[in-house]
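Step one of this worksheet: look at the structure below.
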Amino acid sequence: MIVVMIALAIGALVSPPIMKACGTRGFYVLALMPAAALVWVVVNWPDADAEPSTESVSWVPSLQMNIDVRFDTLSAVLSVLILGVGSLVLVYCANYFDIMRRRVATFGAEIVAFAGAMFGLVVSDNMLVLYVFWEATTVLSFMLVGFNMVRATSRRAATQALLVTTFGGLAMLVGIIMLGERTGSYLLSDLIANPPGGGVYIDIAVILILVGALSKSAIVPFHFWLPGAMAAPTPVSAYLHAAAMVKAGIYLVARLAPAFAGLLSWQILVLGLGAVTMVLGGWRSLRERDLKLILAFGTVSQLGFMMVLVGVGDAGVSMAGLAMVVAHAMFKACLFMVVGIIDHSTGTRDIRLLARLGHRLPVLATIAALAGASMAGLPFTFGFIGKESAFGTLWDTGALDPTVAHLVDIVLLIGSIITFAYTTRFLWGAFGRKVRRLPTRAVATLHPPSVAFLAPPAVLAVLGVASSFVAPWIGDLFEPYATTLPAFGHPIEHLALWHGFGLPLLFSAIVVVAGAALFLFLRARRRRVFKNPPPLNADRVYDATLRLADTASLWVTRNTQRGSLPITQAVILSTAVALPLIALALGNRNTLSVRGFDTPEQLIVGIIMIATALATTMMRNRLASVLLVGLTGYGCGALFAMYGAPDLALTQFLVESVTLVVFVLVLRKLPSEAAAKHATGFRIGRALIGLTFGAMLVLVGLFAAAARSTEPLQVRLGDAAYQFGHGSNAVNVLLVDIRAWDTLGEVSVLIVAATGVASMVFRSRRFGAAPRITDAARLQAGIDDDDPVSERTTWLVGSELRDPRHRTLVLEATTRVVFPTLVILSLYLFFAGHNAPGGGFAGGLVMGLALVLRYLAGGRYELGEALPVEAGTILGAGLFVSATTAVSSLFLGAPALSSAVIDVHLPVFGDIHIVTAMFFDLGVYLIVVGLVLDVLRSLGARLEVADDAPITGGFPAQSQQEVHK
């Protein structure tokens with residue numbers, strides 16, 4: 001099973017090159033991928049007398065998130081639909097798409113990936129892993145529905161489907177966690193074998209899971225996203241909205257029914273909303289004139305029908321439910337394909353523009369009639385078998401009170417009558433004569449579909465009829481799942497084409513007669529019946545909810561962000577002060593135990609920090625203020641060193657130095673002092689906010705330290721770092737191993753921030769390395785190669801292009817000597833950081849300071865000569881290295897970001913122990929270097945160019961483009 005999932009994932013990755021090489025015919029090649037997986041399913045069909053096959057791969061055992069898969073009857077049935085219909089849809093796509101475009105190539109990959117995600121969903125035994133696949137189908141659905149991204153309707157439909165199903169998925173995740181924590185296991189098999197008892201807690205958890213299932217399967221009140229998703233290409237509707245994604249909620253309810261079908265909350269949501277959905281969806285279908293929307297609302301109706309059947313919790317009813325799930329996949333996918341062919345051939349789906357199409361395309365009409373017969377529940381179709389089984393078993397079920405069971409059965413009868421009516425309307429609207437002697441213009445000018453185009457829906461239509469004659473054999477395949485549910489004293493329903501005379505046959509006759517009468521009645525009095533729009537429209541409620549959210553956000557923004565930086569800062573800081581203090585006042589507080597200074601040196605450093613902080617508020621000179629703020633940072637680093645934290649002290653000193661340089665780079669473009677008109681003087685409010693914020697930090701820190709009631713973590717951190725992280729520097733091991741996920745997130749934020757800042761500075765052109773020295777640049781600087789003076793040895797090659805007034809010979813000579821030393825120190829800190837003070841962050845900062853020194857001494861051209869690489873390249877390479885290291889351990893059967901030791905013997909150096917976390921640290925090193933380089937390019941060299949001449953773009957890759965005109 002895991003191999004099948006991996007194979008489909010690889011297939012999705014190689015699909016775009018296949019499509020680009022083969023064109024639209026590449027869809028035939030892609031169809032072989034789910035077809036091969038289907039062969040595996042058939043060959044490995046679960047044995048009814050044996051335990052289901054299981055596989056397990058350790059992934060994140062600490063979170064009980066191992067990849068546990070289980071292949072039983074229910075999984076096998078759904079897998080056949082997912083893979084079989086998926087193969088036919090890909091074959092259908094080869095003729096649906098006329099021309100090959102880039103988006104079409106991606107479309108094929110997304111279909112294959114969706115098949116893999118759905119297969120993973122139905123075989124996952126671990127609920128957390130199931131949720132991962134659940135959300136993967138949501139994301140892929142968003143991409144497939146939004147295929148025509150240039151259309152506003154497609155973007156809106158994709159966003160709507162994403163928001164609704166993601167909301168349901170998040171609710172489901174909370175329910176999964178609640179059940180998993182209560183039962184102690186996240187395995188579905190354990191949960192069903194030992195269901196937890198009732199209670200409010202279990203009810204809430206089950207309701208949350210059902211919210212996810214109902215939203216995915218478009219059950220009222222979440223049904224509106226499915227008709228909107230008809231903006232997607234027809235293959236998407238035929239696959240996702242008929243056979244695959246919408247069945248995910250049905251599958252989850254069927255999977256959990258043996259454990260929770262007896263809960264009252266379950267019955268209200270599943271049976272009540274399912275029955276309402278069947279009637280409401282069918283009635284809405286009768287209002288539509290678009291063939292695709294008729295099928296869309298019909299799908300909503302059928303999903304409600306199936307939800308009731310699989311949610312009752314009766315063995316016999318579940319047989320009918322599985323039969324309807326299979327029948328629906330065949331007839332609804334077929335009919336969606338038929339609509340796609342009609343649209344492709346005539347250019348319209350409006351039934352008012354289609355007349356006598358059945359005469360022009362008799363084969364297509366026959367295919368649609370066979371599928372429509374199964375949807376309407378006519379004899380000799382598999383839909384008829386499922387519907388008759390449902391009528392009979394639901395009436396006599398012991399899972400419900402007899403009155404409730406009869407009421408639900410009658411509601412399903414009414415829904416089936418409406419289903420027959422809208423099926424008849426669909427066939428009449430698409431292929432009927434409509435009292436016309438000649439076809440409409442769209443029909444008269446159509447181009448007939450090819451045989452290959454008709455083949456996929458024809459296969460499904462024929463299967464819908466042929467399967468009815470082998471219904472007993474199919475029923476035997478379903479029974480192992482039915483035996484997991486109670487039978488309540490009744491024998492398990494056996495699927496058959498003929499059940500004899502009885503209630504099911506009577507109900508079927510009523511459906512045909514009443515459905516035909518309803519169609520004729522509405523055809524004659526349609527304008528009167530559907531004169532007014534429905535009083536309550538879920539789609540309009542969705543739009544109103546979004547407008548309300550927008551209005552609320554605008555109100556909050558308008559009242560909290562007035563465009564004044566002091567006011568915005570005051571709001572933020574006041575909130576940051578009030579909330580912790582209120583929580584502290586209302587919560588439990590321990591007795592404070594304040595520890596003073598240990599040595600006089602610490603007291604002296606503290607007094608200096610306080611003095612510099614107060615002096616900063618009084619300084620008018622901007623540069624002096626920055627230097628004083630820097631002193632407080634250096635003082636903090638000194639305290640770290642005094643308390644025995646060399647790593648923190650080193651990092652603090654380096655960060656403070658880089659920050660100081662950044663401030664200076666910006667301040668050189670500002671006046672040395674603020675203008676008199678901008679002077680604010682002493683503001684008591686600002687002073688109080690600053691004092692209270694500082695006091696809050698101290699107070700919360702003291703109470704947090706006093707609240708510790710167990711052994712501090714640092715007591716065992718050193719041993720854990722050496723044992724699990726294979727390093728004696730606990731700080732570095734913490735960053736690159738124990739808390740490496742935090743580090744990966746933080747460096748990602750750094751990259752985003754660097755990109756955002758540089759994008760604002762460069763505006764029209766973001767990328768490019770610092771300028772290099774070229775003949776054009778030398779000529780522009782007035783340097784003549786024949787001049788004997790120009791042949792003198794220079795300390796830094798970039799300095800000769802600078803204005804002599806800005807050159808400092810001492811600084812240049814010092815840089816020539818110090819730069820290599822800093823580079824070596826940077827590399828030492830990087831390699832030694834796992835066992836001694838240092839690491840990738842500190843090493844990257846030292847390398848960044850070396851680049852700062854080269855820039856300050858030689859200017860922007862010297863920066864280009866020092867590191868002639870684009871900053872974005874270094875940042876991207878660093879993130880790639882870190883992310884690759886993070887996931888590479890998964891392929892070795894270990895959790896993400898796991899560290900391993902590689903022992904290497906070198907002739908000169910001897911035995912060397914390399915920890916794989918070093919490669920993660922290398923990514924951090926590159927990101928820090930790229931960040932500093934980006935700062936020097938944007939806030940340094942860029943501003944130098946702005947002084948020389950106005951430009952509109954970023955740095956060109958070659959400096960001759962920078963010659964001033």
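By order of appearance in the structure tokens: chains A, B, ..., then residues from 1 within every chain, and ligands from 1 in the order shown.
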
For region 374-377 of chain A, list every protein, DNA or RNA residue within 8 Å, evaluated using only C-alpha atoms, and leave out those in the same chain fewer than 2 positions away; present the list as a VMD selection string. chain A and resid 327 to 328 331 to 332 370 to 372 379 381 to 385 387 416 419 to 420 423 464 to 465 508

Store the residues picked out above, limited to N, CA and C atoms, as a compact mmCIF listing (two decimals), in the first residue's frame.
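Written out: part_18.txt:
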# COMPACT_ATOMS: atom_id res chain seq x y z
N ALA A 327 -22.76 2.58 -7.39
CA ALA A 327 -23.63 2.94 -8.50
C ALA A 327 -23.52 4.43 -8.81
N HIS A 328 -23.48 5.26 -7.77
CA HIS A 328 -23.41 6.70 -7.99
C HIS A 328 -22.11 7.08 -8.69
N PHE A 331 -22.73 6.12 -12.53
CA PHE A 331 -23.66 6.89 -13.36
C PHE A 331 -23.39 8.38 -13.31
N LYS A 332 -22.92 8.90 -12.17
CA LYS A 332 -22.73 10.35 -12.12
C LYS A 332 -21.46 10.76 -12.85
N LEU A 370 -28.61 5.11 -20.42
CA LEU A 370 -28.25 4.00 -19.54
C LEU A 370 -27.83 4.51 -18.16
N ALA A 371 -26.99 5.54 -18.15
CA ALA A 371 -26.56 6.11 -16.87
C ALA A 371 -27.72 6.76 -16.14
N GLY A 372 -28.60 7.45 -16.89
CA GLY A 372 -29.76 8.08 -16.27
C GLY A 372 -30.72 7.07 -15.68
N PRO A 379 -35.18 -0.68 -13.31
CA PRO A 379 -34.69 -2.07 -13.27
C PRO A 379 -33.55 -2.32 -14.25
N THR A 381 -30.44 -2.08 -13.61
CA THR A 381 -29.29 -1.20 -13.36
C THR A 381 -28.85 -1.39 -11.91
N PHE A 382 -27.61 -1.05 -11.66
CA PHE A 382 -27.10 -1.22 -10.31
C PHE A 382 -27.70 -0.18 -9.36
N GLY A 383 -28.09 0.97 -9.89
CA GLY A 383 -28.77 1.96 -9.07
C GLY A 383 -30.11 1.45 -8.57
N PHE A 384 -30.79 0.67 -9.39
CA PHE A 384 -32.07 0.07 -8.98
C PHE A 384 -31.85 -0.90 -7.83
N ILE A 385 -30.79 -1.70 -7.90
CA ILE A 385 -30.51 -2.67 -6.85
C ILE A 385 -30.22 -1.97 -5.52
N LYS A 387 -31.13 1.06 -4.60
CA LYS A 387 -32.28 1.80 -4.10
C LYS A 387 -33.32 0.85 -3.51
N SER A 416 -36.33 10.21 -3.78
CA SER A 416 -36.17 9.38 -4.98
C SER A 416 -37.14 9.80 -6.08
N THR A 419 -35.60 12.64 -7.58
CA THR A 419 -34.46 12.19 -8.39
C THR A 419 -34.93 11.70 -9.76
N PHE A 420 -36.00 10.95 -9.80
CA PHE A 420 -36.53 10.49 -11.08
C PHE A 420 -36.95 11.68 -11.94
N THR A 423 -33.84 13.52 -13.24
CA THR A 423 -33.17 12.68 -14.24
C THR A 423 -33.89 12.77 -15.57
N GLY A 464 -22.68 0.07 -15.36
CA GLY A 464 -23.83 0.33 -14.50
C GLY A 464 -24.96 -0.65 -14.76
N VAL A 465 -25.05 -1.15 -16.00
CA VAL A 465 -26.08 -2.14 -16.34
C VAL A 465 -25.57 -3.55 -16.09
N SER A 508 -40.55 1.40 -5.53
CA SER A 508 -39.94 1.66 -6.84
C SER A 508 -41.01 2.06 -7.85

Using the chain letters and numbers from this document, which residues of region 352-587 of chain A does DSSP assign to alpha helix (DSSP H), as a PyMOL selection string? chain A and resi 357-360+362-376+382-395+402-431+441-444+451-469+471-482+503-529+538-560+565-586

What separates CA of Arg668 (chain A) and CA of Gly940 (chain A) is a distance of 9.7 Å

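Counting only C-alpha atoms, the residue from A:Ile607, A:Ala161, A:Met306, A:Met642 that sits nearest to Leu240 (chain A) is A:Ala161.
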
Quick one: residues within 10 Å of Arg523 (chain A), only C-alpha atoms, excluding same-chain residues fewer than 5 positions away - as a PyMOL selection string? chain A and resi 286+425+517-518+529

If you count only C-alpha atoms, which residues fall within 7 Å of Ala117 (chain A), apart from same-chain ones fewer than 3 positions away, as a PDB file with C-alpha atoms, in the first residue's frame?
ATOM      1  CA  ALA A 113      -1.586  13.321  -7.228  1.00  0.00           C
ATOM      2  CA  PHE A 114      -5.240  13.514  -6.234  1.00  0.00           C
ATOM      3  CA  GLY A 120      -3.839   7.231   1.013  1.00  0.00           C
ATOM      4  CA  LEU A 121      -6.943   8.610   2.732  1.00  0.00           C
ATOM      5  CA  PHE A 133      -4.303  13.157   3.147  1.00  0.00           C
ATOM      6  CA  ALA A 136      -4.034  17.206   0.589  1.00  0.00           C
ATOM      7  CA  THR A 137      -7.232  16.481  -1.320  1.00  0.00           C
TER       8      THR A 137
END

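Counting from CA of Glu51 (chain A), the distance to CA of Gly313 (chain A) is 21.7 Å.
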
Might you pull out every residue within 12 Å of region 575-580 of chain A, with only C-alpha atoms counted and same-chain residues fewer than 4 positions away left off, and present them as JSON, numbers by chain? {"A": [560, 568, 569, 570, 571, 584, 585, 586, 587, 688, 689, 690, 691, 692, 693, 694, 695, 696, 697, 698, 699, 700, 701, 703, 704]}

Contacts of Thr814 (chain A) within 12 Å, only C-alpha atoms, excl. fewer than 4 positions in-chain, as a list in words: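 After dropping sequence-adjacent residues, the list is Trp795, Leu796, Thr808, Leu809, Val810, Val818, Phe819, Pro820, Thr821, Leu822, Ala850, Leu853, Arg854, Leu856, Ala857 and Gly858 of chain A.
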
Mind dumping the selected residues with C-alpha atoms as a PDB file, in the first residue's frame?
ATOM      1  CA  TRP A 795      44.926  47.207  -0.993  1.00  0.00           C
ATOM      2  CA  LEU A 796      41.349  46.637  -2.191  1.00  0.00           C
ATOM      3  CA  THR A 808      40.800  55.507   4.205  1.00  0.00           C
ATOM      4  CA  LEU A 809      44.140  53.892   3.594  1.00  0.00           C
ATOM      5  CA  VAL A 810      44.439  52.575   7.134  1.00  0.00           C
ATOM      6  CA  VAL A 818      41.628  41.121   8.907  1.00  0.00           C
ATOM      7  CA  PHE A 819      39.207  39.785   6.263  1.00  0.00           C
ATOM      8  CA  PRO A 820      40.895  36.381   5.785  1.00  0.00           C
ATOM      9  CA  THR A 821      41.153  36.039   9.558  1.00  0.00           C
ATOM     10  CA  LEU A 822      37.432  36.654   9.950  1.00  0.00           C
ATOM     11  CA  ALA A 850      33.710  40.312   7.262  1.00  0.00           C
ATOM     12  CA  LEU A 853      34.216  45.335   6.648  1.00  0.00           C
ATOM     13  CA  ARG A 854      34.987  44.853   2.952  1.00  0.00           C
ATOM     14  CA  LEU A 856      32.904  49.843   4.436  1.00  0.00           C
ATOM     15  CA  ALA A 857      36.512  49.846   3.312  1.00  0.00           C
ATOM     16  CA  GLY A 858      36.065  49.433  -0.443  1.00  0.00           C
TER      17      GLY A 858
END

Show which residues sit within 9 Å of Leu309 (chain A), as a list of chain:residue names. Count only C-alpha atoms, and ignore same-chain residues fewer than 5 positions away. A:Ala254, A:Leu271, A:Gly304, A:Asp314, A:Val317, A:Ser318, A:Met319, A:Ala320, A:Gly321, A:Leu322, A:Met324, A:Ala390, A:Leu394

I'd like to know which of A:Gly175, A:Gly180, A:Gly910, A:Pro16 is closest to Ala109 (chain A), using only C-alpha atoms.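 Once distances to Ala109 (chain A) are computed over only C-alpha atoms, the minimum belongs to A:Pro16.
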
Out of A:Arg527, A:Arg433, A:Arg816, A:Lys20, which residue has the shortest atom-to-atom distance to Phe107 (chain A) when counting only C-alpha atoms?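 Using only C-alpha atoms, the shortest distance to Phe107 (chain A) belongs to A:Lys20.
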
Using only C-alpha atoms, which of the listed residues (A:Thr73, A:Ser938, A:Asn194, A:Ser285) sits closest to Leu665 (chain A)?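 Result for the nearest residue to Leu665 (chain A): A:Ser938.
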
CA of Arg287 (chain A) and CA of Val310 (chain A) are how many Å apart? 28.4 Å
